[in-house]
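Here's the structure we're looking at; comments come further down.
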Amino acid sequence: MVLLFYYLSLLNLADAILTVAGLENSLITEVNPLMESLYSLDQGVFIMVKILLSVTLWLFIFYKRVPKSNLIKALTLFAAVCYTSVICLHGFWLIQLI
């Protein structure tokens with residue numbers, strides 16, 4: 001479970017970088033309404049929120065408070081699979097730059 005939290009935090013940071021690169025080059029659009037509004041407000045705010053989300057996961061790990069329930073495990077695994085798919089899509093779209 002701890003590894004999944006690390007994995008999600010890294011995917012979140014990768015998503016921030018790839019999203020900014022894709023948006024700046026008009027290759028992608030942000031489909032998450034909350035993140036789109038943050039990005040529209042200010043790119044720095046968007047990046048800070050993404051960093052804070054990853055730091056939150058790291059704090060769960062650091063303070064040994066990673067939930068152990070089956071529901072949280074299932075949700076975390078589902079999120080990891082979905083986020084991996086998103087990162088793959090970002091990568092595909094950004095390859096178009098080359």
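Residues are named by chain letter and number: chains run A, B, ... in the order of the structure tokens, numbers start at 1 in each chain, and ligands are numbered from 1 in the order shown.
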
Checklist entry - Skipping near chain neighbours, those fewer than 4 positions away, what residues fall within 8 Å of range 6-17 of chain A using only C-alpha atoms, listed as a list in words? => result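 The contact residues come out as Val2, Ala21, Phe46, Ile47, Lys50, Ile51, Leu53, Ser54, Val55, Leu57, Trp58, Ala79, Ala80, Tyr83, Thr84, Val86, Ile87 and His90 of chain A.
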
Generate the output file for the selected residues, N, CA, C and O atoms, as a PDB file, in the first residue's frame.
ATOM      1  N   VAL A   2       1.937   1.234   0.763  1.00  0.00           N
ATOM      2  CA  VAL A   2       2.856   2.372   0.795  1.00  0.00           C
ATOM      3  C   VAL A   2       3.427   2.619  -0.604  1.00  0.00           C
ATOM      4  O   VAL A   2       3.514   3.766  -1.054  1.00  0.00           O
ATOM      5  N   ALA A  21       3.226  21.029 -20.111  1.00  0.00           N
ATOM      6  CA  ALA A  21       3.868  20.963 -21.431  1.00  0.00           C
ATOM      7  C   ALA A  21       2.826  20.822 -22.534  1.00  0.00           C
ATOM      8  O   ALA A  21       2.913  21.497 -23.573  1.00  0.00           O
ATOM      9  N   PHE A  46      -1.804  25.974 -10.177  1.00  0.00           N
ATOM     10  CA  PHE A  46      -2.008  24.599 -10.640  1.00  0.00           C
ATOM     11  C   PHE A  46      -0.866  23.696 -10.181  1.00  0.00           C
ATOM     12  O   PHE A  46      -1.089  22.633  -9.592  1.00  0.00           O
ATOM     13  N   ILE A  47       0.353  24.139 -10.407  1.00  0.00           N
ATOM     14  CA  ILE A  47       1.529  23.339 -10.043  1.00  0.00           C
ATOM     15  C   ILE A  47       1.621  23.175  -8.528  1.00  0.00           C
ATOM     16  O   ILE A  47       1.907  22.078  -8.033  1.00  0.00           O
ATOM     17  N   LYS A  50      -0.845  20.551  -7.317  1.00  0.00           N
ATOM     18  CA  LYS A  50      -0.369  19.210  -7.655  1.00  0.00           C
ATOM     19  C   LYS A  50       0.753  18.785  -6.694  1.00  0.00           C
ATOM     20  O   LYS A  50       0.770  17.645  -6.225  1.00  0.00           O
ATOM     21  N   ILE A  51       1.658  19.688  -6.383  1.00  0.00           N
ATOM     22  CA  ILE A  51       2.746  19.375  -5.450  1.00  0.00           C
ATOM     23  C   ILE A  51       2.168  19.086  -4.055  1.00  0.00           C
ATOM     24  O   ILE A  51       2.576  18.121  -3.398  1.00  0.00           O
ATOM     25  N   LEU A  53      -0.744  17.931  -3.278  1.00  0.00           N
ATOM     26  CA  LEU A  53      -1.400  16.622  -3.281  1.00  0.00           C
ATOM     27  C   LEU A  53      -0.374  15.498  -3.103  1.00  0.00           C
ATOM     28  O   LEU A  53      -0.597  14.551  -2.345  1.00  0.00           O
ATOM     29  N   SER A  54       0.764  15.613  -3.784  1.00  0.00           N
ATOM     30  CA  SER A  54       1.812  14.602  -3.626  1.00  0.00           C
ATOM     31  C   SER A  54       2.412  14.637  -2.231  1.00  0.00           C
ATOM     32  O   SER A  54       2.652  13.587  -1.623  1.00  0.00           O
ATOM     33  N   VAL A  55       2.638  15.831  -1.706  1.00  0.00           N
ATOM     34  CA  VAL A  55       3.182  15.963  -0.351  1.00  0.00           C
ATOM     35  C   VAL A  55       2.226  15.343   0.664  1.00  0.00           C
ATOM     36  O   VAL A  55       2.658  14.689   1.625  1.00  0.00           O
ATOM     37  N   LEU A  57       0.274  12.773   0.232  1.00  0.00           N
ATOM     38  CA  LEU A  57       0.494  11.322   0.199  1.00  0.00           C
ATOM     39  C   LEU A  57       1.781  10.952   0.925  1.00  0.00           C
ATOM     40  O   LEU A  57       1.828   9.968   1.671  1.00  0.00           O
ATOM     41  N   TRP A  58       2.837  11.743   0.712  1.00  0.00           N
ATOM     42  CA  TRP A  58       4.111  11.463   1.392  1.00  0.00           C
ATOM     43  C   TRP A  58       3.962  11.597   2.907  1.00  0.00           C
ATOM     44  O   TRP A  58       4.581  10.848   3.655  1.00  0.00           O
ATOM     45  N   ALA A  79      -7.247   4.128  -8.685  1.00  0.00           N
ATOM     46  CA  ALA A  79      -6.667   5.429  -9.019  1.00  0.00           C
ATOM     47  C   ALA A  79      -5.329   5.267  -9.735  1.00  0.00           C
ATOM     48  O   ALA A  79      -5.046   5.981 -10.697  1.00  0.00           O
ATOM     49  N   ALA A  80      -4.515   4.314  -9.288  1.00  0.00           N
ATOM     50  CA  ALA A  80      -3.209   4.083  -9.917  1.00  0.00           C
ATOM     51  C   ALA A  80      -3.373   3.616 -11.361  1.00  0.00           C
ATOM     52  O   ALA A  80      -2.647   4.075 -12.260  1.00  0.00           O
ATOM     53  N   TYR A  83      -4.708   6.657 -13.386  1.00  0.00           N
ATOM     54  CA  TYR A  83      -3.655   7.667 -13.538  1.00  0.00           C
ATOM     55  C   TYR A  83      -2.564   7.183 -14.498  1.00  0.00           C
ATOM     56  O   TYR A  83      -2.020   7.972 -15.276  1.00  0.00           O
ATOM     57  N   THR A  84      -2.241   5.899 -14.459  1.00  0.00           N
ATOM     58  CA  THR A  84      -1.265   5.347 -15.399  1.00  0.00           C
ATOM     59  C   THR A  84      -1.764   5.522 -16.827  1.00  0.00           C
ATOM     60  O   THR A  84      -0.987   5.893 -17.722  1.00  0.00           O
ATOM     61  N   VAL A  86      -3.812   7.846 -17.910  1.00  0.00           N
ATOM     62  CA  VAL A  86      -3.725   9.272 -18.228  1.00  0.00           C
ATOM     63  C   VAL A  86      -2.291   9.653 -18.608  1.00  0.00           C
ATOM     64  O   VAL A  86      -2.067  10.375 -19.584  1.00  0.00           O
ATOM     65  N   ILE A  87      -1.327   9.159 -17.845  1.00  0.00           N
ATOM     66  CA  ILE A  87       0.078   9.464 -18.133  1.00  0.00           C
ATOM     67  C   ILE A  87       0.472   8.906 -19.504  1.00  0.00           C
ATOM     68  O   ILE A  87       1.185   9.568 -20.277  1.00  0.00           O
ATOM     69  N   HIS A  90      -0.936  11.258 -22.075  1.00  0.00           N
ATOM     70  CA  HIS A  90      -0.105  12.466 -22.132  1.00  0.00           C
ATOM     71  C   HIS A  90       1.165  12.195 -22.926  1.00  0.00           C
ATOM     72  O   HIS A  90       1.558  12.993 -23.770  1.00  0.00           O
TER      73      HIS A  90
END

Next on the checklist: If you run DSSP on the backbone here, which positions in range 16-84 of chain A get alpha helix (DSSP H)? Please write them as number ranges by chain.
Outcome noted: A: 16-24, 33-41, 43-62, 70-84

Item to check | Residue nearest Glu36 in chain A - candidates A:Leu23, A:Leu52, A:Leu97, A:Leu4, atoms counted: only C-alpha atoms | outcome: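 Closest candidate: A:Leu23.
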
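Residues in contact with Pro67 in chain A at 12 Å, where only C-alpha atoms are counted and same-chain residues fewer than 3 positions away are skipped, are listed as Met1, Val2, Leu4, Phe5, Leu57, Phe60, Ile61, Tyr63, Lys64, Asn70, Leu71, Ile72, Lys73, Ala74, Leu75 and Thr76 of chain A.
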
Next on the checklist: Report, in Å to a single decimal, how far apart CA of Tyr39 in chain A and CA of Val20 in chain A are.
Outcome noted: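 The value is 8.7 Å.
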
Checklist entry - What is the CA of Trp93 in chain A to CA of Asn32 in chain A distance in Å? => result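 Going from CA of Trp93 in chain A over to CA of Asn32 in chain A covers 17.0 Å.
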